[in-house]
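Dropping run17.cif in here (mmCIF, C-alpha atoms):
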data_coords
#
loop_
_atom_site.label_atom_id
_atom_site.label_comp_id
_atom_site.auth_asym_id
_atom_site.auth_seq_id
_atom_site.Cartn_x
_atom_site.Cartn_y
_atom_site.Cartn_z
CA MET A 1 20.95 2.54 21.48
CA ARG A 2 22.38 1.63 18.11
CA LYS A 3 25.88 2.78 17.24
CA ILE A 4 25.97 5.98 15.19
CA SER A 5 28.00 4.24 12.48
CA ASP A 6 25.24 1.65 12.08
CA THR A 7 22.61 4.38 11.89
CA ILE A 8 24.59 6.28 9.26
CA ALA A 9 25.10 3.16 7.19
CA ARG A 10 21.43 2.25 7.25
CA LEU A 11 20.27 5.79 6.49
CA THR A 12 22.70 6.10 3.59
CA ALA A 13 21.57 2.78 2.12
CA LEU A 14 17.94 3.86 2.46
CA GLN A 15 18.74 7.17 0.77
CA ALA A 16 20.21 5.33 -2.20
CA ARG A 17 17.22 3.01 -2.49
CA LEU A 18 14.78 5.90 -2.39
CA ALA A 19 16.80 8.27 -4.58
CA PRO A 20 14.42 10.33 -6.71
CA GLN A 21 13.66 8.73 -10.06
CA ALA A 22 12.70 10.41 -13.32
CA ALA A 23 9.06 9.85 -12.51
CA THR A 24 7.66 11.28 -15.71
CA SER A 25 10.29 10.02 -18.16
CA GLY A 26 8.54 8.11 -20.95
CA VAL A 27 5.25 8.12 -19.05
CA SER A 28 1.96 8.53 -20.87
CA ASP A 29 -0.45 10.62 -18.81
CA ARG A 30 -4.02 9.37 -19.21
CA LEU A 31 -5.32 11.28 -16.19
CA HIS A 32 -7.21 14.55 -15.82
CA ALA A 33 -6.85 17.09 -13.04
CA LEU A 34 -9.57 17.24 -10.40
CA ALA A 35 -9.33 20.97 -9.84
CA ARG A 36 -11.99 21.49 -7.18
CA PHE A 37 -12.94 19.03 -4.48
CA GLY A 38 -13.97 20.97 -1.39
CA THR A 39 -11.69 21.73 1.52
CA ASN A 40 -8.06 20.68 1.09
CA PRO A 41 -6.24 20.91 4.45
CA GLY A 42 -3.56 18.48 3.28
CA ALA A 43 -2.71 20.67 0.24
CA LEU A 44 -2.79 17.66 -2.09
CA ALA A 45 -3.44 17.57 -5.83
CA ALA A 46 -5.82 15.10 -7.47
CA LYS A 47 -6.08 13.32 -10.82
CA PHE A 48 -8.82 11.05 -12.12
CA HIS A 49 -9.80 8.76 -14.97
CA VAL A 50 -13.37 7.94 -15.99
CA PRO A 51 -13.74 5.63 -19.02
CA ASP A 52 -15.99 6.76 -21.85
CA GLY A 53 -19.54 5.46 -21.55
CA ILE A 54 -19.14 4.35 -17.95
CA ASP A 55 -22.36 3.08 -16.36
CA LYS A 56 -24.16 5.02 -13.67
CA GLY A 57 -23.36 3.43 -10.34
CA ALA A 58 -19.91 2.22 -11.38
CA PRO A 59 -17.26 1.42 -8.74
CA LEU A 60 -14.51 3.85 -7.71
CA VAL A 61 -10.89 2.86 -7.00
CA VAL A 62 -8.63 5.30 -5.14
CA VAL A 63 -4.93 4.77 -5.95
CA LEU A 64 -2.09 6.20 -3.82
CA HIS A 65 1.39 6.34 -5.36
CA GLY A 66 4.62 5.67 -3.49
CA CYS A 67 7.57 7.93 -2.66
CA THR A 68 9.31 9.62 -5.65
CA GLN A 69 6.30 8.71 -7.82
CA THR A 70 3.53 10.75 -9.41
CA ALA A 71 -0.08 9.85 -10.10
CA ALA A 72 0.56 9.60 -13.85
CA GLY A 73 3.70 7.55 -13.33
CA TYR A 74 2.04 5.07 -11.01
CA ASP A 75 -0.92 4.68 -13.34
CA HIS A 76 1.36 4.16 -16.34
CA HIS A 77 3.36 1.43 -14.64
CA SER A 78 0.54 -0.28 -12.72
CA GLY A 79 -1.99 -0.33 -15.56
CA TRP A 80 -4.94 0.78 -13.45
CA SER A 81 -6.48 2.99 -16.15
CA GLN A 82 -6.08 0.19 -18.71
CA LEU A 83 -8.04 -2.13 -16.46
CA ALA A 84 -10.61 0.59 -15.72
CA ASP A 85 -11.31 0.94 -19.45
CA GLU A 86 -11.63 -2.82 -19.76
CA ALA A 87 -13.85 -3.39 -16.71
CA GLY A 88 -15.75 -0.08 -16.44
CA PHE A 89 -14.85 1.60 -13.16
CA ALA A 90 -13.63 5.08 -12.22
CA LEU A 91 -10.24 6.00 -10.77
CA LEU A 92 -9.08 8.70 -8.35
CA PHE A 93 -5.38 9.42 -7.87
CA PRO A 94 -4.58 11.74 -4.93
CA GLU A 95 -1.13 13.22 -5.58
CA GLN A 96 1.44 14.46 -3.08
CA GLN A 97 3.16 17.83 -3.57
CA ARG A 98 6.84 18.59 -2.90
CA ALA A 99 5.88 21.45 -0.60
CA ASN A 100 4.37 18.82 1.73
CA ASN A 101 7.05 16.18 1.33
CA PRO A 102 10.30 16.61 -0.66
CA ASN A 103 10.14 13.09 -2.07
CA LEU A 104 6.39 12.99 -2.73
CA CYS A 105 5.65 10.54 0.10
CA PHE A 106 2.23 10.76 1.72
CA ASN A 107 2.76 11.76 5.36
CA TRP A 108 1.35 8.56 6.85
CA PHE A 109 3.41 8.91 10.04
CA LEU A 110 2.15 12.39 11.01
CA PRO A 111 -1.02 12.15 13.15
CA GLY A 112 -2.31 15.45 11.80
CA ASP A 113 -2.29 14.03 8.25
CA ALA A 114 -3.40 10.48 8.95
CA ARG A 115 -6.40 10.82 11.24
CA ARG A 116 -10.07 11.36 10.46
CA GLY A 117 -11.13 14.93 9.81
CA SER A 118 -7.72 16.53 9.26
CA GLY A 119 -4.77 16.95 6.92
CA GLU A 120 -4.14 14.69 3.96
CA ALA A 121 -6.74 12.15 5.10
CA LEU A 122 -9.52 14.73 4.96
CA SER A 123 -8.32 16.01 1.58
CA ILE A 124 -8.59 12.48 0.16
CA ARG A 125 -12.05 12.06 1.68
CA GLU A 126 -13.17 15.30 0.01
CA MET A 127 -11.83 14.10 -3.35
CA ILE A 128 -13.78 10.85 -3.01
CA GLU A 129 -17.03 12.67 -2.26
CA THR A 130 -16.54 14.94 -5.26
CA MET A 131 -15.92 11.98 -7.59
CA VAL A 132 -18.95 10.06 -6.33
CA ALA A 133 -21.29 13.05 -6.62
CA THR A 134 -19.98 14.29 -9.97
CA HIS A 135 -19.93 10.94 -11.77
CA CYS A 136 -22.84 9.17 -10.00
CA LEU A 137 -20.66 6.38 -8.67
CA ASP A 138 -21.66 3.56 -6.32
CA ARG A 139 -21.07 4.51 -2.67
CA ASN A 140 -21.10 0.83 -1.74
CA ARG A 141 -18.24 -0.01 -4.09
CA ILE A 142 -15.42 2.36 -3.19
CA PHE A 143 -11.98 0.78 -2.83
CA ILE A 144 -8.48 2.05 -2.05
CA THR A 145 -4.97 0.80 -2.75
CA GLY A 146 -1.46 2.16 -2.40
CA LEU A 147 2.25 1.33 -2.50
CA SER A 148 4.73 1.90 0.33
CA ALA A 149 3.97 5.35 1.83
CA GLY A 150 0.82 5.21 -0.30
CA GLY A 151 0.05 1.81 1.21
CA ALA A 152 0.55 3.21 4.71
CA MET A 153 -1.78 6.09 3.85
CA ALA A 154 -4.30 3.58 2.47
CA SER A 155 -4.12 1.92 5.91
CA ALA A 156 -4.87 5.28 7.49
CA MET A 157 -7.85 5.91 5.22
CA LEU A 158 -9.30 2.44 5.82
CA ALA A 159 -9.00 2.89 9.58
CA SER A 160 -10.14 6.52 9.71
CA TYR A 161 -13.03 6.21 7.23
CA PRO A 162 -14.05 2.53 7.31
CA GLU A 163 -17.64 3.35 6.40
CA VAL A 164 -16.47 4.74 3.06
CA PHE A 165 -14.61 1.68 1.75
CA ALA A 166 -15.77 -1.79 0.74
CA GLY A 167 -12.16 -2.96 0.56
CA GLY A 168 -8.54 -1.94 0.47
CA ALA A 169 -5.23 -3.31 -0.83
CA ILE A 170 -2.01 -2.37 0.96
CA ILE A 171 1.19 -3.02 -1.01
CA ALA A 172 4.48 -2.95 0.94
CA GLY A 173 2.76 -0.71 3.50
CA LEU A 174 2.51 -0.38 7.28
CA PRO A 175 -0.25 -0.58 9.91
CA TYR A 176 -2.27 2.47 10.82
CA GLY A 177 -0.91 4.40 13.79
CA SER A 178 2.19 2.23 14.15
CA ALA A 179 4.36 5.37 14.03
CA THR A 180 3.69 8.94 15.13
CA THR A 181 7.22 10.37 15.00
CA ILE A 182 10.13 10.28 12.56
CA PRO A 183 12.24 7.85 14.67
CA GLU A 184 9.24 5.54 15.10
CA ALA A 185 8.49 5.61 11.37
CA PHE A 186 12.06 4.70 10.51
CA ASP A 187 12.07 1.84 13.04
CA ARG A 188 8.72 0.47 11.82
CA MET A 189 9.96 0.45 8.24
CA ARG A 190 12.90 -1.65 9.40
CA GLY A 191 10.62 -3.97 11.37
CA HIS A 192 11.71 -2.79 14.81
CA GLY A 193 9.34 -2.22 17.69
CA GLY A 194 5.73 -1.27 17.19
CA PRO A 195 2.48 -1.49 19.15
CA SER A 196 1.38 -4.72 20.78
CA GLU A 197 -1.33 -6.86 19.21
CA GLU A 198 -3.91 -5.36 21.55
CA ASN A 199 -2.82 -1.80 20.80
CA LEU A 200 -2.69 -2.37 17.04
CA GLN A 201 -6.30 -3.50 17.11
CA ARG A 202 -7.33 -0.69 19.45
CA LEU A 203 -5.90 1.88 17.02
CA VAL A 204 -8.43 0.87 14.36
CA GLN A 205 -11.29 0.60 16.85
CA ASN A 206 -10.60 4.12 18.14
CA ALA A 207 -9.96 5.75 14.75
CA SER A 208 -13.70 6.30 14.16
CA THR A 209 -17.09 5.60 15.74
CA HIS A 210 -17.85 3.00 13.06
CA GLU A 211 -19.18 -0.35 14.32
CA GLY A 212 -19.17 -2.31 11.06
CA PRO A 213 -19.37 -3.77 8.56
CA TRP A 214 -15.62 -3.43 7.98
CA PRO A 215 -13.69 -3.18 4.69
CA ARG A 216 -12.06 -6.31 3.32
CA ILE A 217 -8.27 -6.10 3.45
CA SER A 218 -5.79 -7.40 0.87
CA ILE A 219 -2.08 -7.22 1.75
CA TRP A 220 0.85 -7.63 -0.68
CA HIS A 221 4.54 -7.79 0.25
CA GLY A 222 7.84 -9.06 -1.13
CA SER A 223 9.76 -11.45 1.10
CA ALA A 224 13.05 -9.66 0.25
CA ASP A 225 11.83 -6.09 0.73
CA PRO A 226 14.82 -4.08 2.09
CA THR A 227 12.84 -0.84 2.56
CA VAL A 228 9.67 -1.87 4.42
CA ALA A 229 10.25 -5.07 6.38
CA PRO A 230 7.88 -7.94 5.52
CA SER A 231 6.98 -8.21 9.22
CA ASN A 232 4.69 -5.24 8.56
CA ALA A 233 2.43 -7.55 6.54
CA GLU A 234 1.92 -9.72 9.61
CA ALA A 235 1.31 -6.62 11.76
CA LEU A 236 -1.38 -5.50 9.30
CA VAL A 237 -3.12 -8.86 9.57
CA THR A 238 -2.95 -8.60 13.36
CA GLN A 239 -4.40 -5.09 13.28
CA TRP A 240 -7.42 -5.97 11.13
CA ARG A 241 -8.21 -9.35 12.73
CA GLY A 242 -9.54 -7.42 15.72
CA VAL A 243 -12.48 -5.62 14.13
CA HIS A 244 -13.22 -8.65 11.93
CA ALA A 245 -13.18 -10.95 15.00
CA LEU A 246 -10.92 -13.51 13.32
CA GLU A 247 -8.66 -16.20 14.72
CA LYS A 248 -4.88 -16.03 14.41
CA ARG A 249 -4.76 -19.02 12.07
CA PRO A 250 -6.01 -18.42 8.49
CA THR A 251 -8.86 -20.53 7.23
CA ARG A 252 -7.08 -21.25 3.95
CA SER A 253 -3.46 -21.10 2.77
CA GLU A 254 -2.24 -21.86 -0.73
CA ALA A 255 0.87 -21.46 -2.82
CA SER A 256 2.01 -21.50 -6.45
CA GLY A 257 5.57 -20.77 -7.46
CA ARG A 258 6.66 -17.51 -5.82
CA HIS A 259 3.17 -16.60 -4.64
CA THR A 260 1.84 -17.65 -1.22
CA ARG A 261 -1.61 -16.53 -0.07
CA HIS A 262 -3.22 -16.82 3.36
CA VAL A 263 -6.96 -16.06 3.68
CA TRP A 264 -9.09 -15.40 6.76
CA HIS A 265 -12.84 -15.94 6.27
CA ASP A 266 -15.43 -14.30 8.47
CA ALA A 267 -18.44 -15.95 10.13
CA GLU A 268 -20.39 -15.69 6.88
CA GLY A 269 -17.67 -17.42 4.91
CA LEU A 270 -16.48 -14.30 3.10
CA ALA A 271 -12.79 -13.52 2.68
CA ALA A 272 -12.23 -10.68 5.16
CA ILE A 273 -8.41 -10.55 5.04
CA GLU A 274 -5.86 -11.98 2.64
CA VAL A 275 -2.09 -11.63 2.63
CA ASN A 276 0.02 -12.31 -0.46
CA ILE A 277 3.76 -12.91 -0.08
CA ILE A 278 5.94 -12.90 -3.22
CA ALA A 279 9.14 -14.90 -2.65
CA GLY A 280 12.35 -13.04 -3.52
CA MET A 281 10.58 -9.78 -4.44
CA ALA A 282 12.09 -6.49 -3.28
CA HIS A 283 10.24 -3.23 -2.56
CA GLY A 284 7.51 -2.46 -5.07
CA THR A 285 4.25 -3.35 -6.78
CA PRO A 286 4.06 -6.84 -8.34
CA LEU A 287 3.44 -6.77 -12.09
CA GLY A 288 3.59 -9.13 -15.01
CA GLY A 289 2.05 -11.50 -17.44
CA ASP A 290 -1.26 -9.87 -18.31
CA GLY A 291 -0.40 -6.83 -20.44
CA LEU A 292 -1.28 -4.30 -17.75
CA GLY A 293 1.28 -1.59 -17.09
CA THR A 294 5.02 -1.74 -17.55
CA PRO A 295 7.96 -2.34 -15.18
CA GLY A 296 9.86 0.62 -13.73
CA PRO A 297 11.37 1.83 -10.46
CA PHE A 298 9.54 0.05 -7.63
CA MET A 299 7.17 -1.50 -10.22
CA LEU A 300 8.47 -5.05 -10.45
CA ASP A 301 7.86 -7.69 -13.13
CA VAL A 302 7.50 -10.88 -11.10
CA GLY A 303 4.91 -12.59 -13.30
CA ILE A 304 2.01 -11.73 -10.99
CA SER A 305 -0.33 -8.82 -11.75
CA SER A 306 -1.37 -7.42 -8.38
CA THR A 307 -3.49 -4.82 -10.20
CA ARG A 308 -5.72 -7.42 -11.82
CA GLU A 309 -5.70 -9.75 -8.82
CA ILE A 310 -6.74 -6.96 -6.46
CA ALA A 311 -9.59 -5.92 -8.76
CA ARG A 312 -10.64 -9.56 -9.08
CA VAL A 313 -10.81 -9.99 -5.30
CA TRP A 314 -12.93 -6.85 -5.09
CA GLY A 315 -15.28 -8.27 -7.73
CA ILE A 316 -14.90 -5.35 -10.15
CA ALA A 317 -12.87 -7.09 -12.89
CA ASP A 318 -12.46 -10.55 -14.31
CA ALA A 319 -9.41 -12.63 -13.53
CA ASP A 320 -6.49 -12.82 -15.95
CA LYS A 321 -7.80 -14.00 -19.31
CA ARG A 322 -5.07 -16.61 -19.31
CA GLU A 323 -5.83 -19.45 -16.92
CA PRO A 324 -3.68 -18.83 -13.81
CA ALA A 325 -1.62 -21.59 -12.27
CA PRO A 326 -3.70 -23.19 -9.50
CA LEU A 327 -2.60 -22.44 -5.98
CA ARG A 328 -1.88 -25.61 -4.01
CA PRO A 329 -2.80 -25.98 -0.33
CA ASP A 330 0.20 -25.64 1.97
CA ALA A 331 0.87 -26.98 5.46
CA ALA A 332 -1.04 -24.16 7.12
CA ALA A 333 -4.25 -25.24 5.46
CA LYS A 334 -3.84 -28.64 7.13
CA GLY A 335 -3.95 -27.17 10.62
CA GLU A 336 -0.39 -26.00 11.25
CA ARG A 337 0.11 -22.42 12.33
CA PRO A 338 1.49 -20.50 9.33
CA SER A 339 4.34 -18.06 9.15
CA LEU A 340 3.72 -15.09 6.90
CA GLY A 341 7.44 -14.82 6.35
CA LEU A 342 9.64 -17.23 4.42
CA SER A 343 12.81 -19.11 5.18
CA ALA A 344 16.12 -17.29 5.44
CA ALA A 345 17.21 -18.76 2.12
CA GLU A 346 14.08 -17.49 0.39
CA LYS A 347 14.48 -14.03 1.90
CA VAL A 348 17.94 -13.52 0.43
CA LYS A 349 17.18 -15.02 -2.98
CA VAL A 350 16.33 -11.83 -4.85
CA ASP A 351 16.04 -11.88 -8.62
CA ALA A 352 18.04 -9.36 -10.60
CA THR A 353 14.76 -8.06 -12.01
CA THR A 354 13.46 -7.20 -8.56
CA ARG A 355 16.54 -5.95 -6.77
CA GLN A 356 16.78 -2.22 -6.12
CA PRO A 357 20.19 -0.51 -6.28
CA ARG A 358 22.28 -0.26 -3.12
CA SER A 359 25.19 1.97 -2.26
CA SER A 360 28.43 1.79 -0.33
CA PRO A 361 27.56 3.01 3.19
CA GLY A 362 30.89 4.75 3.62
CA SER A 363 30.97 6.80 0.43
CA ALA A 364 28.45 9.48 1.46
CA ALA A 365 29.89 9.63 4.96
CA ASN A 366 33.23 10.65 3.57
CA ALA A 367 31.66 13.34 1.41
CA SER A 368 29.66 15.20 4.04
CA GLY A 369 29.06 15.43 7.77
CA VAL A 370 26.96 13.15 9.93
CA LYS A 371 24.15 15.68 10.28
CA THR A 372 23.85 16.16 6.52
CA ILE A 373 23.79 12.42 5.87
CA ILE A 374 21.06 11.78 8.40
CA GLU A 375 18.93 14.70 7.25
CA ASP A 376 19.32 13.82 3.56
CA ALA A 377 18.44 10.20 4.18
CA LEU A 378 15.40 11.06 6.27
CA LYS A 379 14.21 13.44 3.56
CA ALA A 380 14.74 10.76 0.93
CA ALA A 381 12.62 8.39 3.02
CA GLY A 382 9.92 11.02 3.26
CA LEU A 383 10.34 11.17 7.03
CA MET A 384 11.56 14.78 7.17
CA ARG A 385 10.33 17.88 5.41
#
Translate this structure into structure tokens?
Amino acid sequence: MRKISDTIARLTALQARLAPQAATSGVSDRLHALARFGTNPGALAAKFHVPDGIDKGAPLVVVLHGCTQTAAGYDHHSGWSQLADEAGFALLFPEQQRANNPNLCFNWFLPGDARRGSGEALSIREMIETMVATHCLDRNRIFITGLSAGGAMASAMLASYPEVFAGGAIIAGLPYGSATTIPEAFDRMRGHGGPSEENLQRLVQNASTHEGPWPRISIWHGSADPTVAPSNAEALVTQWRGVHALEKRPTRSEASGRHTRHVWHDAEGLAAIEVNIIAGMAHGTPLGGDGLGTPGPFMLDVGISSTREIARVWGIADADKREPAPLRPDAAAKGERPSLGLSAAEKVKVDATTRQPRSSPGSAANASGVKTIIEDALKAAGLMR
């Protein structure tokens, strides 16, 4: 077992990194409330955006915010509604409530909220059905994305309702079912423990009776993420390779500047899984360079617009109007087994623009007791109600 002093230090540092932000400060709210959407066992709220004059049969993108964020705040910073207006697709933003989680984290680690037919997962499914029926959207082009706890809940939705989604994008998230208790969730975020390769794959196979086809998976992670360890990106690839029947080695790997991408193609030559690693990026959504959104807490300007890139991969929006720098093949594409992580030097090289604030581990310990510190930190992480 770890020493209590180490646990306190790590919890206090996590508390500082996830300290509640002024989520609505300076945020323009372009979303409307989805007041009625069937049964709501997860007690979630819902917002949506449908561009004027949208075509019948347009795609739907479901967007899940991270801890301490709101639907309006995540949309403002990520630029999803801007891109929806440009490209002509609808948006659904499930929104966590403080009564469910004090820091607005989706409860991805609670089985009753993450599995098919119950809790928050069922609430989100009901919202999707209401949006599709009300706005005559294309059932074959429903996609989901999320950041951090929202990314972990996106994992849960993709596993629990794979027949619903054509694709999903998980940003700084975790594999479905990798944690079912508070201690497990905290360890998985730090990159400790977790199910075996076989069990990770079995979790998706057993989450529903679906037999395929399976949603395409896009994974995004910063190499210097101090909140959700980058090893979770590799675990996500491992989890989804099973149902897609893919080899361990990607079929293509390429790199440009800070951005490295590994792609696994299926038997038909389609990109079934891709993982994008941003060198030196901390915990957050990659933004920059295309006029979508604006930087903010956990919304990081690294010169790469994940919003537009994700939509491009899904085929619902054009690529950046500026010609992107070409990705060059790396060693993995030449037959060497790739590592989804980066070198130790790259992991510690964090730009000032991407670093999240840290705290002195001892300061909070001197101010209050051990129990209070641990409880406060777990609540800040969204791991305790």
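The residue that comes closest to Glu86 (chain A), out of A:Gly303, A:Gly222, A:Gly57, A:Gly291 and on the basis of only C-alpha atoms, is A:Gly291.
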- [ ] Spell out the residues picked by the PyMOL selection byres ((chain A and resi 185) around 12) here, as a PyMOL selection string.
- [x] chain A and resi 107-111+149+152+173-184+186-194+227-229+232+378+381-384
TODO: Identify all residues satisfying the PyMOL selection byres ((chain A and resi 163-165) around 7) in the given file; provide them as a PyMOL selection string.
DONE: chain A and resi 142-143+158+161-162+166-167+210+215
- [ ] Any chance you could resolve the PyMOL selection byres ((chain A and resi 70) around 8) against this file and give the residues as a list in words?
- [x] Ala23, Thr24, His65, Gly66, Thr68, Gln69, Ala71, Ala72, Gly73, Tyr74, Glu95, Gln96 and Leu104 of chain A
Task: Which residue of A:Lys56, A:Arg202, A:His135, A:His49 approaches Pro94 (chain A) most closely, using only C-alpha atoms - done: A:His49
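Checking A:Ser78, A:Thr145, A:His244, A:Glu254 one by one against Ile304 (chain A), counting all atoms listed in the file, you find the shortest gap at A:Ser78.
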